[in-house]
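Dumped query-v8.txt below, it's compact mmCIF, C-alpha atoms:
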# COMPACT_ATOMS: atom_id res chain seq x y z
CA MET A 1 -0.15 -9.97 -22.22
CA ALA A 2 0.65 -6.40 -21.47
CA ASP A 3 -0.69 -3.70 -19.24
CA ALA A 4 -3.02 -2.01 -21.68
CA ILE A 5 -2.81 1.71 -21.37
CA GLY A 6 -2.93 2.26 -25.05
CA GLU A 7 -6.57 3.19 -24.96
CA ILE A 8 -5.77 6.44 -23.23
CA PRO A 9 -5.56 9.20 -25.77
CA LEU A 10 -3.34 12.16 -25.10
CA ALA A 11 -5.56 14.69 -23.42
CA PRO A 12 -5.29 18.41 -23.41
CA PRO A 13 -3.65 19.91 -20.35
CA VAL A 14 -5.84 20.00 -17.28
CA PRO A 15 -7.13 23.51 -16.77
CA ARG A 16 -5.79 24.76 -13.45
CA VAL A 17 -8.45 25.88 -11.04
CA GLY A 18 -7.93 29.41 -9.86
CA GLY A 19 -6.00 30.78 -12.78
CA ALA A 20 -3.13 29.87 -15.03
CA THR A 21 -0.48 29.72 -12.33
CA PRO A 22 0.67 26.10 -11.88
CA VAL A 23 -0.23 24.61 -8.53
CA LEU A 24 2.75 23.57 -6.42
CA VAL A 25 2.22 19.88 -5.70
CA THR A 26 3.73 18.41 -2.57
CA ILE A 27 4.21 14.66 -2.71
CA VAL A 28 5.11 14.06 0.93
CA PRO A 29 4.31 16.77 3.49
CA MET A 30 7.65 16.91 5.29
CA ARG A 31 6.23 18.77 8.29
CA ALA A 32 4.20 15.69 9.18
CA LEU A 33 7.19 13.34 9.32
CA PRO A 34 8.25 14.23 12.91
CA LEU A 35 4.71 13.32 14.04
CA VAL A 36 4.97 10.01 12.21
CA ALA A 37 8.36 9.34 13.81
CA ALA A 38 6.95 10.15 17.25
CA ALA A 39 3.97 7.83 16.71
CA LEU A 40 6.24 4.99 15.58
CA ALA A 41 8.61 5.56 18.51
CA PHE A 42 5.61 5.34 20.85
CA LEU A 43 4.61 2.09 19.16
CA VAL A 44 8.09 0.55 19.53
CA THR A 45 8.23 1.60 23.19
CA ALA A 46 4.83 0.04 23.86
CA ILE A 47 5.82 -3.21 22.14
CA VAL A 48 9.26 -3.53 23.74
CA GLY A 49 7.87 -2.72 27.19
CA ASN A 50 4.72 -4.84 26.75
CA TRP A 51 2.92 -1.72 27.90
CA PHE A 52 -0.65 -2.99 27.92
CA TRP A 53 -2.49 0.33 28.16
CA ALA A 54 -0.42 1.87 25.35
CA LEU A 55 -0.93 -1.16 23.11
CA ASP A 56 -4.66 -1.04 23.73
CA PHE A 57 -4.73 2.71 23.08
CA LEU A 58 -2.71 2.41 19.86
CA HIS A 59 -4.83 -0.47 18.57
CA VAL A 60 -8.19 1.10 19.40
CA ALA A 61 -7.27 4.65 18.36
CA GLY A 62 -5.31 3.57 15.27
CA GLY A 63 -7.92 1.05 14.19
CA GLY A 64 -10.78 3.47 14.81
CA LEU A 65 -9.13 6.17 12.74
CA TRP A 66 -8.11 3.74 9.98
CA THR A 67 -11.64 2.35 9.76
CA GLY A 68 -13.24 5.78 9.99
CA VAL A 69 -11.03 7.34 7.34
CA ASP A 70 -11.47 4.35 5.00
CA LEU A 71 -15.25 4.36 5.39
CA PHE A 72 -15.50 8.12 4.99
CA VAL A 73 -13.23 8.27 1.96
CA GLY A 74 -14.63 5.15 0.36
CA LEU A 75 -18.32 5.71 0.91
CA VAL A 76 -18.67 9.50 1.25
CA ILE A 77 -15.75 11.35 -0.37
CA GLY A 78 -15.31 8.78 -3.15
CA PRO A 79 -18.80 9.04 -4.69
CA ILE A 80 -18.67 12.84 -4.40
CA LEU A 81 -15.27 12.90 -6.14
CA GLY A 82 -16.64 10.66 -8.85
CA ARG A 83 -19.25 13.28 -9.73
CA MET A 84 -16.83 16.21 -9.76
CA SER A 85 -15.17 17.62 -12.88
CA ILE A 86 -11.58 16.62 -13.56
CA PRO A 87 -10.23 20.11 -12.76
CA ALA A 88 -12.09 20.06 -9.44
CA ARG A 89 -10.81 16.55 -8.69
CA THR A 90 -7.33 17.73 -9.53
CA GLU A 91 -7.56 20.65 -7.14
CA PHE A 92 -8.87 18.36 -4.42
CA ALA A 93 -6.24 15.71 -5.07
CA THR A 94 -3.32 18.13 -4.78
CA LYS A 95 -4.37 18.93 -1.22
CA PHE A 96 -5.88 15.65 -0.10
CA MET A 97 -3.63 12.91 -1.42
CA PRO A 98 -0.29 14.01 0.10
CA LYS A 99 -1.91 13.87 3.52
CA MET A 100 -3.32 10.41 2.86
CA LEU A 101 0.15 9.29 1.78
CA VAL A 102 1.43 9.99 5.28
CA ILE A 103 -1.62 9.24 7.42
CA MET A 104 -2.73 5.86 6.09
CA PRO A 105 0.53 3.82 6.20
CA THR A 106 1.18 5.16 9.71
CA LEU A 107 -2.28 4.19 10.94
CA VAL A 108 -2.01 0.76 9.33
CA ILE A 109 1.37 -0.15 10.84
CA ILE A 110 0.36 1.15 14.28
CA THR A 111 -2.93 -0.76 14.28
CA LEU A 112 -1.51 -4.05 13.00
CA ALA A 113 1.66 -4.18 15.11
CA SER A 114 -0.11 -3.17 18.34
CA GLY A 115 -3.05 -5.49 17.54
CA LEU A 116 -0.88 -8.57 17.11
CA GLN A 117 1.01 -7.81 20.32
CA LEU A 118 -2.22 -7.13 22.18
CA ALA A 119 -3.73 -10.41 20.97
CA ARG A 120 -0.65 -12.26 22.20
CA LEU A 121 -0.75 -10.59 25.62
CA MET A 122 -4.49 -11.16 26.06
CA GLY A 123 -4.26 -14.79 24.98
CA ASN A 124 -6.62 -14.25 22.04
CA LEU A 125 -4.26 -16.14 19.73
CA ALA A 126 -4.63 -19.27 21.85
CA VAL A 127 -8.42 -19.40 21.53
CA PRO A 128 -9.36 -22.80 20.04
CA TYR A 129 -11.39 -23.38 16.88
CA PRO A 130 -14.20 -22.66 15.94
CA SER A 131 -13.79 -19.27 17.69
CA HIS A 132 -10.29 -19.06 16.21
CA TRP A 133 -11.91 -18.70 12.79
CA TRP A 134 -12.81 -15.12 13.73
CA LEU A 135 -9.08 -14.40 14.05
CA VAL A 136 -8.36 -16.10 10.76
CA ALA A 137 -11.14 -14.08 9.15
CA SER A 138 -9.57 -10.87 10.47
CA PHE A 139 -6.20 -11.90 9.00
CA ILE A 140 -7.83 -12.59 5.63
CA VAL A 141 -9.70 -9.27 5.58
CA VAL A 142 -6.55 -7.37 6.53
CA GLY A 143 -4.60 -9.27 3.86
CA LEU A 144 -7.19 -8.38 1.22
CA MET A 145 -7.15 -4.75 2.28
CA ALA A 146 -3.34 -4.73 2.15
CA VAL A 147 -3.28 -6.08 -1.41
CA ILE A 148 -5.94 -3.61 -2.58
CA ALA A 149 -4.51 -0.60 -0.76
CA ILE A 150 -0.85 -1.20 -1.55
CA GLY A 151 -1.33 -2.82 -4.93
CA PHE A 152 -3.87 -0.46 -6.45
CA LEU A 153 -4.90 2.48 -4.26
CA GLU A 154 -1.50 3.79 -3.16
CA PRO A 155 0.17 3.54 -6.60
CA ALA A 156 -2.79 5.41 -8.13
CA ASN A 157 -2.50 8.06 -5.43
CA LEU A 158 1.23 8.55 -6.08
CA ALA A 159 0.92 8.48 -9.87
CA VAL A 160 -1.75 11.21 -9.75
CA LEU A 161 0.49 13.44 -7.66
CA PHE A 162 3.44 13.01 -10.03
CA GLU A 163 1.18 13.62 -13.03
CA LEU A 164 0.02 16.84 -11.41
CA LYS A 165 3.63 17.98 -11.04
CA LYS A 166 4.04 17.99 -14.82
CA PRO A 167 3.77 21.34 -16.60
CA SER A 168 0.84 19.95 -18.62
CA PRO A 169 -0.85 17.15 -16.68
CA ASN A 170 -2.76 14.61 -18.76
CA GLY A 171 -6.41 14.84 -17.75
CA GLN A 172 -7.26 11.38 -19.04
CA ILE A 173 -4.55 9.74 -16.97
CA ILE A 174 -5.61 11.67 -13.87
CA GLY A 175 -9.26 10.79 -14.46
CA ARG A 176 -8.48 7.11 -14.87
CA LEU A 177 -6.21 6.94 -11.84
CA MET A 178 -8.70 8.85 -9.71
CA ARG A 179 -11.41 6.41 -10.76
CA ARG A 180 -9.19 3.56 -9.61
CA PHE A 181 -8.61 5.41 -6.32
CA ILE A 182 -12.35 5.89 -5.80
CA TYR A 183 -13.27 2.25 -6.57
CA THR A 184 -10.52 0.76 -4.41
CA ALA A 185 -11.30 3.16 -1.55
CA GLY A 186 -14.94 1.98 -1.77
CA ILE A 187 -13.90 -1.69 -1.65
CA THR A 188 -11.65 -1.16 1.37
CA GLY A 189 -14.48 0.80 2.99
CA VAL A 190 -16.78 -2.21 2.63
CA LEU A 191 -14.05 -4.52 3.95
CA GLN A 192 -13.71 -2.22 6.95
CA VAL A 193 -17.33 -2.98 7.82
CA ALA A 194 -16.32 -6.65 7.95
CA THR A 195 -13.40 -5.67 10.19
CA LEU A 196 -15.77 -3.85 12.55
CA ILE A 197 -17.98 -6.93 12.83
CA ILE A 198 -15.02 -9.26 13.43
CA MET A 199 -13.29 -7.01 15.94
CA THR A 200 -16.41 -6.36 18.02
CA ARG A 201 -17.07 -10.12 18.01
CA ILE A 202 -13.55 -10.86 19.23
CA ALA A 203 -13.72 -8.12 21.87
CA THR A 204 -16.88 -9.66 23.38
CA TRP A 205 -15.73 -13.29 23.66
CA MET B 1 4.76 14.53 -30.69
CA VAL B 2 8.39 15.03 -31.60
CA SER B 3 10.02 11.59 -31.57
CA GLY B 4 9.01 8.46 -33.51
CA ARG B 5 8.23 6.36 -30.49
CA PRO B 6 4.75 6.28 -28.91
CA PRO B 7 3.95 8.88 -26.28
CA VAL B 8 4.18 7.76 -22.65
CA PRO B 9 0.46 7.08 -22.13
CA GLY B 10 0.31 4.99 -25.29
CA ARG B 11 3.28 2.74 -24.54
CA GLN B 12 2.69 -0.98 -24.11
CA LEU B 13 4.49 -2.25 -21.02
CA PRO B 14 4.93 -5.78 -19.71
CA PRO B 15 2.55 -6.84 -16.88
CA ILE B 16 4.95 -5.83 -14.12
CA THR B 17 2.22 -4.40 -11.90
CA ALA B 18 0.17 -7.59 -12.10
CA LEU B 19 3.19 -9.78 -11.33
CA VAL B 20 4.28 -7.72 -8.34
CA VAL B 21 0.73 -7.56 -6.93
CA ALA B 22 0.47 -11.35 -7.40
CA SER B 23 3.83 -11.76 -5.62
CA MET B 24 2.56 -9.63 -2.76
CA ALA B 25 -0.68 -11.63 -2.59
CA MET B 26 1.30 -14.90 -2.41
CA VAL B 27 3.51 -13.82 0.49
CA ILE B 28 0.55 -12.29 2.34
CA ALA B 29 -1.35 -15.58 1.88
CA GLY B 30 1.69 -17.41 3.29
CA GLY B 31 1.71 -15.04 6.26
CA ILE B 32 -2.02 -15.54 6.86
CA TYR B 33 -1.56 -19.32 6.77
CA LEU B 34 1.20 -19.12 9.38
CA ALA B 35 -0.76 -16.69 11.54
CA ALA B 36 -3.85 -18.91 11.45
CA TYR B 37 -1.96 -21.55 13.50
CA LEU B 38 -0.70 -19.16 16.19
CA PRO B 39 0.35 -19.71 18.93
CA LYS B 40 1.27 -23.16 17.56
CA GLN B 41 3.65 -23.56 14.64
CA ALA B 42 2.02 -24.16 11.28
CA PRO B 43 3.14 -26.96 8.96
CA LEU B 44 5.64 -25.22 6.70
CA PRO B 45 5.30 -26.83 3.21
CA ILE B 46 2.28 -24.77 2.09
CA PRO B 47 3.63 -21.40 3.21
CA ILE B 48 7.05 -22.26 1.77
CA ALA B 49 5.37 -23.02 -1.58
CA LEU B 50 3.44 -19.74 -1.44
CA VAL B 51 6.52 -17.73 -0.53
CA THR B 52 8.56 -19.43 -3.25
CA ALA B 53 5.86 -18.58 -5.78
CA GLY B 54 5.91 -14.98 -4.53
CA ALA B 55 9.69 -14.82 -4.89
CA VAL B 56 9.57 -16.28 -8.41
CA LEU B 57 6.89 -13.78 -9.49
CA PHE B 58 8.97 -10.94 -8.10
CA VAL B 59 12.11 -12.12 -9.91
CA VAL B 60 10.18 -12.43 -13.19
CA ALA B 61 8.86 -8.89 -12.72
CA ALA B 62 12.37 -7.63 -11.92
CA VAL B 63 13.77 -9.27 -15.07
CA MET B 64 11.00 -7.72 -17.21
CA LEU B 65 11.68 -4.38 -15.59
CA SER B 66 15.42 -4.60 -16.25
CA ARG B 67 14.72 -5.19 -19.95
CA LEU B 68 12.61 -2.09 -20.39
CA GLY B 69 15.43 0.02 -21.78
CA GLU B 70 13.90 3.43 -22.40
CA PHE B 71 12.07 4.20 -19.18
CA ALA B 72 11.94 7.00 -16.62
CA TRP B 73 14.54 5.29 -14.45
CA ASP B 74 15.38 8.45 -12.53
CA ARG B 75 11.77 8.71 -11.35
CA PHE B 76 11.58 4.96 -10.72
CA PHE B 77 14.62 5.04 -8.44
CA GLN B 78 13.53 8.26 -6.77
CA VAL B 79 10.11 6.89 -5.78
CA GLY B 80 11.31 3.32 -5.24
CA GLY B 81 14.23 4.47 -3.08
CA TRP B 82 12.11 6.47 -0.68
CA ALA B 83 9.47 3.75 -0.57
CA LEU B 84 12.19 1.19 0.17
CA LEU B 85 13.45 3.32 3.05
CA ALA B 86 9.93 3.62 4.48
CA TYR B 87 9.18 -0.08 4.17
CA VAL B 88 12.56 -1.13 5.62
CA VAL B 89 11.52 0.80 8.73
CA ILE B 90 8.06 -0.83 8.76
CA VAL B 91 9.40 -4.32 8.11
CA GLY B 92 12.09 -3.77 10.73
CA MET B 93 9.40 -3.00 13.28
CA LEU B 94 7.43 -6.12 12.37
CA GLU B 95 10.62 -8.19 12.64
CA LEU B 96 11.20 -6.67 16.07
CA VAL B 97 7.72 -7.79 17.15
CA LEU B 98 8.48 -11.31 15.95
CA VAL B 99 11.78 -11.48 17.86
CA ILE B 100 10.22 -10.05 21.03
CA ASP B 101 7.47 -12.66 20.73
CA GLN B 102 10.15 -15.41 20.86
CA THR B 103 9.64 -16.51 17.27
CA ARG B 104 12.66 -18.64 16.40
CA GLY B 105 14.11 -21.14 13.92
CA ALA B 106 12.54 -22.03 10.58
CA LEU B 107 9.40 -20.04 11.32
CA LEU B 108 11.37 -16.85 11.97
CA ALA B 109 13.41 -17.46 8.81
CA LEU B 110 10.28 -17.92 6.71
CA LEU B 111 8.57 -14.86 8.18
CA THR B 112 11.73 -12.84 7.56
CA VAL B 113 11.74 -13.90 3.90
CA ILE B 114 8.04 -12.94 3.67
CA LEU B 115 8.80 -9.50 5.07
CA LEU B 116 11.80 -9.08 2.76
CA ILE B 117 9.80 -9.91 -0.37
CA PHE B 118 7.03 -7.61 0.84
CA ALA B 119 9.55 -4.79 1.42
CA LEU B 120 10.90 -5.25 -2.12
CA ASP B 121 7.52 -5.64 -3.84
CA ILE B 122 6.14 -2.31 -2.70
CA PRO B 123 9.00 0.00 -3.81
CA VAL B 124 9.05 -1.69 -7.22
CA LEU B 125 5.28 -1.36 -7.50
CA LEU B 126 5.21 2.30 -6.48
CA GLY B 127 8.27 3.24 -8.53
CA PHE B 128 6.91 1.51 -11.64
CA SER B 129 3.40 2.92 -11.22
CA VAL B 130 4.76 6.46 -11.20
CA ALA B 131 7.57 6.08 -13.74
CA ARG B 132 5.35 4.46 -16.40
CA PHE B 133 3.57 7.78 -16.89
CA GLN B 134 6.75 9.86 -16.94
CA GLU B 135 8.92 10.76 -19.90
CA PRO B 136 12.34 9.08 -19.84
CA ALA B 137 15.13 11.49 -18.87
CA GLY B 138 16.45 13.46 -21.82
CA SER B 139 13.51 12.64 -24.10
CA PRO B 140 11.52 15.40 -25.75
CA THR B 141 8.38 16.49 -23.96
CA VAL B 142 5.17 15.49 -25.68
Output the file's structure in the form of structure tokens.
Amino acid sequence: MADAIGEIPLAPPVPRVGGATPVLVTIVPMRALPLVAAALAFLVTAIVGNWFWALDFLHVAGGGLWTGVDLFVGLVIGPILGRMSIPARTEFATKFMPKMLVIMPTLVIITLASGLQLARLMGNLAVPYPSHWWLVASFIVVGLMAVIAIGFLEPANLAVLFELKKPSPNGQIIGRLMRRFIYTAGITGVLQVATLIIMTRIATW
Amino acid sequence: MVSGRPPVPGRQLPPITALVVASMAMVIAGGIYLAAYLPKQAPLPIPIALVTAGAVLFVVAAVMLSRLGEFAWDRFFQVGGWALLAYVVIVGMLELVLVIDQTRGALLALLTVILLIFALDIPVLLGFSVARFQEPAGSPTV
């Protein structure tokens, strides 16, 4: 058994949108890293100090943004991207994906860490079964999203960016990886709907 | 194409991605099982079995990876190294939450192993996913 990538023929170089000058592709936008560090420092402070308001803020704001971005990318941007030409997708990806590379992991860690701490402080973890099943369901949905996002979506995102850095990017590889990105973003978008249902149910116990 | 070997996109590679994703799924399943019993402590045999399976899958993937020979190792270590740094920070924060929440003993040990495998899975996955489409260092460009 092997990862079959043999079906991908070598494609001609992707035509660069806007002329022949190669596009400078940034993998990680360094200017955003201080903001990420500040957000994580805020998270650690809130957890160490059991700062209830901050934990609630981080969980609600982080979760809202995570869900919103996932739904928007998966159900709105994704289908649009799927209908765009490969050069247009390429142009979009060079600007969009580096930002996602920084935004999404930060939102995920903030939401999950503050959420677990918040659940502990509010006593939600101690709720008996059958209500406890809602918590278990949220763990399962988050676990599924983690496997899909980290196992398929994020590697595709990174591989596209590195392919775009080549002097002659392979259009077939980019097309295939973008397709994977679009499908997995759609699946996580649908799972986010499940998260919304579970979280609003838990919040109104 | 200049050399006799297949071009990068046409190369057949072992199922490293599938093994690492399966490893990740196993340890996440172990974590979900443990979390489902909170605030009580879960019986440990099932999560230990899941985590052991995750560790075995990761080791198998690592062995396959080490036998690749001609591969874009520079890119693999570049991407994997930065990803490792990022996930050490993330895992460190999750470990901090566990310690603050008074998690102790066998449960803490098991959760720490889960986080460690998770923090190793992701850099390997990201590094491999990028490097598989890159030309090995010093090889002619296709």
Tell me which protein, DNA and RNA residues are within 7 Å of Leu50 (chain B), counting all atoms listed in the file, leaving out same-chain ones fewer than 3 positions away, and put them as a PyMOL selection string.
chain B and resi 26-27+30+46-47+53-54
Name the residues in contact with Leu115 (chain B) at a cut-off of 9 Å, using all atoms listed in the file, excluding same-chain residues fewer than 4 positions from it; report them as a PDB file with C-alpha atoms, keeping the file's coordinate frame.
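Okay, selection_17.pdb is ready:
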ATOM      1  CA  VAL B  27       3.510 -13.820   0.490  1.00  0.00           C
ATOM      2  CA  VAL B  91       9.400  -4.320   8.110  1.00  0.00           C
ATOM      3  CA  GLY B  92      12.090  -3.770  10.730  1.00  0.00           C
ATOM      4  CA  LEU B  94       7.430  -6.120  12.370  1.00  0.00           C
ATOM      5  CA  GLU B  95      10.620  -8.190  12.640  1.00  0.00           C
ATOM      6  CA  LEU B 110      10.280 -17.920   6.710  1.00  0.00           C
ATOM      7  CA  LEU B 111       8.570 -14.860   8.180  1.00  0.00           C
ATOM      8  CA  ALA B 119       9.550  -4.790   1.420  1.00  0.00           C
ATOM      9  CA  LEU B 120      10.900  -5.250  -2.120  1.00  0.00           C
TER      10      LEU B 120
END
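Near chain A, the residues of chain B that fall inside 6 Å (using all atoms listed in the file) are B:Gly10, B:Leu13, B:Pro14, B:Pro15, B:Val21, B:Ile32, B:Ala36, B:Leu38, B:Pro39, B:Leu126, B:Ser129, B:Val130.
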Smallest atom-to-atom distance to Ser66 (chain B): which of B:Phe128, B:Phe118, B:Gly31, B:Lys40, using all atoms listed in the file?
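Of all the options, B:Phe128 lies closest to Ser66 (chain B).
Between CA of Ala62 (chain B) and CA of Val89 (chain B) the interatomic distance comes to 22.3 Å.
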What is the CA of Gly105 (chain B)-CA of His59 (chain A) distance in Å, reported with one decimal?
28.4 Å
With distances taken over only C-alpha atoms, which of A:Leu55, A:Met145, A:Ala41, A:Ile103 is nearest to Leu191 (chain A)?
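So, comparing all the options, the nearest one is A:Met145.
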May I ask which of the residues B:Leu108, B:Ala86, B:Met93, B:Ile114 is the closest one to Met24 (chain B), counting all atoms listed in the file?
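When distances to Met24 (chain B) are compared using all atoms listed in the file, the smallest one comes from B:Ile114.
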By how many Å are CA of Pro34 (chain A) and CA of Ile77 (chain A) apart?
27.6 Å
What lies within 9 Å of Val190 (chain A) using only C-alpha atoms, ignoring chain neighbours under 4 positions off, as a VMD selection string?
chain A and resid 70 to 71 74 to 75 185 to 186 194 to 195
May I have the protein, DNA and RNA residues with an atom at most 6 Å from (7.1, -5.3, -10.8), counting only C-alpha atoms in the file's coordinates, returned as a list in words?
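Final list of nearby residues, as requested, is Ile16, Thr17, Leu19, Val20, Ala61, Ala62, Val124 and Leu125 of chain B.
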